[in-house]
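Enquirer: I am sharing target07.csv, which consists of CSV, C-alpha atoms:
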chain,number,residue,atom,x,y,z
A,1,GLY,CA,50.3,96.6,144.1
A,2,PHE,CA,49.1,94.7,141.1
A,3,LEU,CA,49.0,97.9,139.0
A,4,ILE,CA,52.6,98.8,139.9
A,5,PHE,CA,53.7,95.3,139.0
A,6,PHE,CA,51.8,95.4,135.7
A,7,LEU,CA,53.4,98.8,134.8
A,8,PHE,CA,56.8,97.4,135.7
A,9,LEU,CA,56.3,94.5,133.3
A,10,LEU,CA,55.1,96.8,130.6
A,11,PHE,CA,58.2,99.0,131.0
A,12,ALA,CA,60.5,96.1,131.0
A,13,SER,CA,59.0,94.7,127.8
A,14,ALA,CA,59.3,98.1,126.1
A,15,LEU,CA,62.9,98.4,127.2
A,16,ALA,CA,63.8,94.9,126.1
A,17,GLY,CA,62.2,95.6,122.7
A,18,PHE,CA,64.2,98.8,122.3
A,19,PHE,CA,67.5,97.1,123.0
A,20,TYR,CA,66.6,94.2,120.7
A,21,TRP,CA,65.9,96.5,117.7
A,22,ASN,CA,68.7,98.9,118.6
A,23,ASN,CA,71.2,96.0,118.8
A,24,ARG,CA,69.8,94.3,115.7
A,25,PHE,CA,70.4,97.3,113.5
A,26,SER,CA,73.7,98.2,115.1
A,27,GLU,CA,74.9,94.7,114.2
A,28,THR,CA,73.6,94.8,110.6
A,29,GLU,CA,74.4,98.4,109.9
A,30,THR,CA,77.6,97.6,108.0
A,31,GLU,CA,76.1,94.5,106.6
A,32,SER,CA,73.1,96.1,105.0
A,33,LEU,CA,75.1,98.4,102.8
A,34,THR,CA,78.6,97.9,101.5
A,35,MET,CA,80.5,100.5,99.5
A,36,ASN,CA,83.7,100.2,97.5
A,37,VAL,CA,85.5,103.3,96.1
A,38,THR,CA,88.3,103.1,93.6
A,39,GLY,CA,90.6,105.9,92.4
A,40,PRO,CA,94.1,106.3,91.0
A,41,ALA,CA,96.9,105.3,93.5
A,42,LYS,CA,99.4,107.7,91.9
A,43,ILE,CA,99.2,110.6,89.5
A,44,VAL,CA,101.1,113.6,88.2
A,45,SER,CA,99.7,116.9,89.7
A,46,GLY,CA,97.0,118.3,87.4
A,47,ASP,CA,96.0,115.0,85.8
A,48,GLU,CA,92.3,114.0,85.5
A,49,VAL,CA,91.1,111.5,88.1
A,50,THR,CA,88.1,109.3,88.2
A,51,TYR,CA,86.5,107.9,91.3
A,52,LYS,CA,84.2,104.9,90.9
A,53,LEU,CA,81.8,104.0,93.6
A,54,GLU,CA,79.9,100.7,93.9
A,55,TYR,CA,77.4,100.2,96.7
A,56,ASN,CA,75.4,97.1,97.3
A,57,ASN,CA,72.3,96.4,99.4
A,58,SER,CA,72.7,93.0,101.0
A,59,ASP,CA,69.6,93.4,103.2
A,60,LYS,CA,66.2,91.9,102.6
A,61,VAL,CA,64.5,95.3,102.5
A,62,ALA,CA,65.0,98.4,100.3
A,63,LEU,CA,67.3,101.2,101.4
A,64,THR,CA,65.9,104.7,101.1
A,65,GLN,CA,67.0,108.3,101.8
A,66,MET,CA,70.3,107.6,100.0
A,67,GLN,CA,72.6,110.6,100.3
A,68,LEU,CA,76.3,110.7,99.5
A,69,SER,CA,78.5,113.3,101.1
A,70,VAL,CA,82.1,113.8,100.0
A,71,TYR,CA,85.0,115.5,101.7
A,72,TRP,CA,87.3,116.5,98.8
A,73,PRO,CA,91.0,117.2,99.4
A,74,THR,CA,92.3,120.7,98.7
A,75,GLY,CA,93.3,120.8,95.0
A,76,PHE,CA,90.3,118.8,93.7
A,77,TYR,CA,88.3,120.5,90.9
A,78,PHE,CA,85.1,118.8,89.9
A,79,ASP,CA,84.4,118.2,86.2
A,80,SER,CA,81.5,115.8,85.8
A,81,SER,CA,79.7,112.8,87.3
A,82,SER,CA,77.3,110.0,86.1
A,83,VAL,CA,74.7,111.4,88.4
A,84,SER,CA,74.4,115.2,88.9
A,85,PRO,CA,75.4,116.5,92.3
A,86,SER,CA,72.7,118.1,94.5
A,87,ASN,CA,74.7,121.2,95.3
A,88,VAL,CA,76.9,123.6,93.4
A,89,ASN,CA,80.2,122.7,95.0
A,90,ALA,CA,79.8,119.0,94.1
A,91,LYS,CA,80.0,117.7,97.7
A,92,GLU,CA,76.5,116.0,97.9
A,93,TRP,CA,74.6,113.6,95.8
A,94,LEU,CA,71.0,112.4,96.2
A,95,LEU,CA,70.9,108.8,95.0
A,96,SER,CA,67.9,106.5,94.1
A,97,ASP,CA,66.5,104.0,96.5
A,98,LEU,CA,68.2,100.7,96.4
A,99,GLY,CA,66.1,97.5,96.4
A,100,ALA,CA,67.0,94.4,98.3
A,101,GLY,CA,70.1,92.7,96.7
A,102,GLN,CA,70.6,95.6,94.2
A,103,THR,CA,73.8,97.4,93.4
A,104,GLY,CA,74.3,101.1,92.5
A,105,THR,CA,77.2,102.9,90.9
A,106,LEU,CA,78.5,106.4,90.6
A,107,GLU,CA,81.4,107.8,88.7
A,108,ILE,CA,83.0,111.2,89.5
A,109,LYS,CA,85.6,112.9,87.4
A,110,GLY,CA,87.8,115.9,88.2
A,111,GLN,CA,91.3,117.3,88.3
A,112,LEU,CA,93.6,116.8,91.2
A,113,VAL,CA,96.4,119.3,91.9
A,114,GLY,CA,99.0,119.0,94.7
A,115,ASN,CA,102.6,119.1,95.7
A,116,LYS,CA,105.1,116.3,94.9
A,117,ASP,CA,105.0,113.4,97.4
A,118,GLU,CA,101.7,114.8,98.8
A,119,ASN,CA,99.0,112.2,99.7
A,120,LEU,CA,95.5,113.5,99.0
A,121,GLU,CA,92.5,111.7,100.6
A,122,ALA,CA,88.9,111.9,99.5
A,123,VAL,CA,86.3,110.6,102.1
A,124,PHE,CA,82.9,109.3,100.9
A,125,THR,CA,80.0,108.8,103.3
A,126,LEU,CA,76.7,107.3,102.2
A,127,ASP,CA,73.7,107.8,104.5
A,128,TYR,CA,70.6,105.7,104.2
A,129,GLN,CA,67.5,104.4,105.9
A,130,PRO,CA,66.1,100.8,105.8
A,131,ALA,CA,62.5,100.9,104.5
A,132,ASN,CA,61.2,99.3,107.6
A,133,PHE,CA,63.1,101.4,110.1
A,134,SER,CA,63.2,105.2,110.6
A,135,SER,CA,66.7,105.7,111.8
A,136,ASP,CA,69.7,106.9,109.8
A,137,PHE,CA,72.7,104.7,109.1
A,138,SER,CA,75.9,105.3,107.2
A,139,VAL,CA,78.9,103.7,105.6
A,140,THR,CA,82.2,105.4,104.8
A,141,ALA,CA,85.0,104.7,102.4
A,142,LYS,CA,88.2,106.5,101.5
A,143,ALA,CA,90.4,106.9,98.5
A,144,ASN,CA,94.1,108.0,98.7
A,145,THR,CA,96.1,109.3,95.8
A,146,LEU,CA,99.8,110.1,95.8
A,147,ILE,CA,101.2,113.1,93.8
A,148,THR,CA,104.4,111.7,92.2
A,149,GLU,CA,105.4,114.7,90.1
A,150,ASN,CA,104.4,118.2,89.2
A,151,LYS,CA,103.7,119.3,85.7
A,152,LEU,CA,105.0,122.8,86.3
A,153,GLU,CA,108.2,124.1,88.0
A,154,LEU,CA,108.3,127.6,89.3
A,155,LYS,CA,111.4,129.5,90.5
A,156,ILE,CA,112.0,133.1,91.6
A,157,GLU,CA,115.4,134.7,91.4
A,158,ALA,CA,115.9,138.0,93.3
A,159,VAL,CA,118.4,139.6,95.6
A,160,ASP,CA,118.0,139.0,99.4
A,161,LYS,CA,118.9,142.6,100.4
A,162,THR,CA,118.6,146.0,98.6
A,163,LEU,CA,118.8,149.7,99.2
A,164,ILE,CA,115.9,152.1,99.2
A,165,ASN,CA,115.1,153.6,95.8
A,166,THR,CA,117.4,151.2,94.0
A,167,GLU,CA,116.2,149.4,90.9
A,168,GLN,CA,116.2,145.7,91.2
A,169,GLU,CA,115.2,142.8,89.0
A,170,ILE,CA,112.9,139.9,89.9
A,171,LYS,CA,113.0,137.0,87.5
A,172,VAL,CA,110.2,134.4,87.5
A,173,ILE,CA,111.1,131.1,85.8
A,174,TYR,CA,108.4,128.6,85.0
A,175,LYS,CA,109.1,125.3,83.2
A,176,ASN,CA,106.8,122.6,81.7
A,177,LEU,CA,107.9,119.3,83.2
A,178,SER,CA,105.4,117.2,81.4
A,179,GLN,CA,105.3,115.7,77.9
A,180,GLU,CA,102.2,117.7,76.8
A,181,LYS,CA,101.4,121.3,76.1
A,182,LEU,CA,100.1,123.2,79.1
A,183,GLU,CA,97.4,125.7,78.2
A,184,ASP,CA,95.3,128.3,80.0
A,185,LEU,CA,98.1,129.1,82.5
A,186,SER,CA,97.9,132.3,84.4
A,187,LEU,CA,100.7,133.9,86.4
A,188,ASP,CA,99.6,136.3,89.2
A,189,ILE,CA,102.3,138.2,91.2
A,190,LEU,CA,101.6,139.9,94.5
A,191,PHE,CA,104.1,142.8,94.7
A,192,PRO,CA,105.1,144.6,97.9
A,193,ASP,CA,103.1,147.7,98.7
A,194,ASP,CA,106.1,150.1,97.9
A,195,TRP,CA,107.1,148.3,94.7
A,196,LYS,CA,106.8,150.2,91.4
A,197,ASN,CA,107.1,148.4,88.1
A,198,THR,CA,109.3,150.0,85.5
A,199,LYS,CA,109.3,147.2,83.0
A,200,ILE,CA,107.6,143.8,82.7
A,201,ASP,CA,108.9,141.4,80.0
A,202,PRO,CA,106.9,139.8,78.4
A,203,THR,CA,104.2,142.5,78.8
A,204,TRP,CA,100.7,141.5,80.0
A,205,GLU,CA,97.3,143.0,80.0
A,206,GLY,CA,95.2,143.1,83.1
A,207,GLU,CA,96.2,141.7,86.5
A,208,PHE,CA,97.9,138.5,85.4
A,209,LEU,CA,99.9,136.9,82.6
A,210,ALA,CA,98.0,134.4,80.5
A,211,THR,CA,100.3,132.0,78.7
A,212,SER,CA,100.9,128.4,77.6
A,213,LEU,CA,104.0,126.2,77.6
A,214,GLU,CA,105.2,123.6,75.2
A,215,PRO,CA,106.8,120.4,76.5
Before we go any further, please render this structure as structure tokens.
Expert:
Amino acid sequence: GFLIFFLFLLFASALAGFFYWNNRFSETETESLTMNVTGPAKIVSGDEVTYKLEYNNSDKVALTQMQLSVYWPTGFYFDSSSVSPSNVNAKEWLLSDLGAGQTGTLEIKGQLVGNKDENLEAVFTLDYQPANFSSDFSVTAKANTLITENKLELKIEAVDKTLINTEQEIKVIYKNLSQEKLEDLSLDILFPDDWKNTKIDPTWEGEFLATSLEP
């Protein structure tokens, strides 16, 4: 009977300790590490964007195993960052340990392309471990950017209906809407399977037209 009572006390103590530590770190999870992300609120499609991250350790112990994961919106093209990414598609960064009270920064640059009035969201998640605890915690921040205008307008003029074996004209009109010269543009057209080109003006070499547009 005494042995059963002793084992019960031992189990109760272990259980209480587990809940104490679990609750302690659940409560301080968002307080140990804070992260702020800034980015442009509005841009013209195709502009360069810069995301600036600042993360601060407000705990009394160092934070280790610092890994940043980013969910990029469709239309983001990575250019550079103040710390090199740890994978080829620039979605993960391994960051240095952060001492108690220290602040770290990261700057990421790229190009953002989207449709007019489209809201593009980037999601940043920073995982970490307190030096005196072997569990993973994380903090997440988001940055939203509104596409206000497009730099390029594209229109296609063609007939809605036609007869078989009748020559038709398809006109592709592309216009520079910005105040700067657009370079390294490529126009790629996917023609129907039964379409045969008789003339293309201007002529192009290869599978697409490489061009530039003045303002």
Enquirer: I'd like the contact shell of Ile200 (chain A) - 12 Å cut-off, all atoms listed in the file, skipping same-chain residues fewer than 4 positions apart - returned as JSON, numbers by chain.
Expert: {"A": [169, 170, 171, 172, 189, 196, 204, 205, 208, 209]}
Enquirer: Between A:Leu33, A:Leu120, A:Ile173, A:Leu94, which residue has the minimum interatomic distance to Trp72 (chain A), considering only C-alpha atoms?
Expert: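 Closest residue, counting only C-alpha atoms: A:Leu120.
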Enquirer: Which is closest to Asn150 (chain A) among A:Lys175, A:Lys116, A:Lys181, A:Lys91, if we use only C-alpha atoms?
Expert: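 Distance minimum relative to Asn150 (chain A) lands on A:Lys116.
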Enquirer: Which is closest to Ser32 (chain A) among A:Thr198, A:Asn89, A:Ser69, A:Asn56, if we use all atoms listed in the file?
Expert: A:Asn56
Enquirer: So the first atom is CA of Val37 (chain A) and the second is CA of Thr105 (chain A); what is the distance between them in Å, to one decimal place?
Expert: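 Interatomic distance here is 9.8 Å.
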Enquirer: Please, what distance in Å, to one decimal, runs between CA of Gly39 (chain A) and CA of Leu177 (chain A)?
Expert: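 Distance reported for this atom pair: 23.7 Å.
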Enquirer: Show me the residues close to (73.1, 110.1, 95.1) - anything with an atom within 8 Å, counting all atoms listed in the file - and format the list as an mmCIF file with C-alpha atoms, in the frame of the given file.
Expert:
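So the final result, stored in result_33.cif, reads:
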data_model
loop_
_atom_site.group_PDB
_atom_site.id
_atom_site.type_symbol
_atom_site.label_atom_id
_atom_site.label_comp_id
_atom_site.auth_asym_id
_atom_site.auth_seq_id
_atom_site.Cartn_x
_atom_site.Cartn_y
_atom_site.Cartn_z
ATOM 1 C CA MET A 66 70.300 107.600 100.000
ATOM 2 C CA GLN A 67 72.600 110.600 100.300
ATOM 3 C CA LEU A 68 76.300 110.700 99.500
ATOM 4 C CA VAL A 83 74.700 111.400 88.400
ATOM 5 C CA PRO A 85 75.400 116.500 92.300
ATOM 6 C CA GLU A 92 76.500 116.000 97.900
ATOM 7 C CA TRP A 93 74.600 113.600 95.800
ATOM 8 C CA LEU A 94 71.000 112.400 96.200
ATOM 9 C CA LEU A 95 70.900 108.800 95.000
ATOM 10 C CA SER A 96 67.900 106.500 94.100
ATOM 11 C CA LEU A 106 78.500 106.400 90.600
#
Enquirer: Please work out which residues fall within 6 Å of (94.3, 119.8, 90.8), coordinates as given in the file, with all atoms listed in the file counting, and return them as a ChimeraX atom specification.
Expert: /A:46,75-76,111-113
Enquirer: Counting only C-alpha atoms, which of A:Val70, A:Leu182, A:Val159, A:Val44 gets nearest to Phe124 (chain A)?
Expert: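 Among A:Val70, A:Leu182, A:Val159, A:Val44, it is A:Val70 that comes nearest to Phe124 (chain A).
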Enquirer: What is the CA of Asn119 (chain A) to CA of Pro40 (chain A) distance in Å?
Expert: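 If I compute the distance from CA of Asn119 (chain A) to CA of Pro40 (chain A), I get 11.6 Å.
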Enquirer: Which polymer residues have any atom within 12 Å of an atom of Pro130 (chain A), counting all atoms listed in the file, with same-chain residues fewer than 2 positions away left out, as a list of chain:residue names?
Expert: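 Here the answer would be A:Phe25, A:Thr28, A:Glu29, A:Glu31, A:Ser32, A:Leu33, A:Asn57, A:Ser58, A:Asp59, A:Lys60, A:Val61, A:Ala62, A:Leu63, A:Thr64, A:Gln65, A:Met66, A:Asp97, A:Leu98, A:Gly99, A:Ala100, A:Asp127, A:Tyr128, A:Asn132, A:Phe133, A:Ser134, A:Ser135, A:Asp136, A:Phe137, A:Ser138.
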Enquirer: Quick one: of A:Leu185, A:Val49, A:Ile164, A:Ala143, who's nearest to Leu213 (chain A), counting only C-alpha atoms?
Expert: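 When distances to Leu213 (chain A) are compared using only C-alpha atoms, the smallest one comes from A:Leu185.
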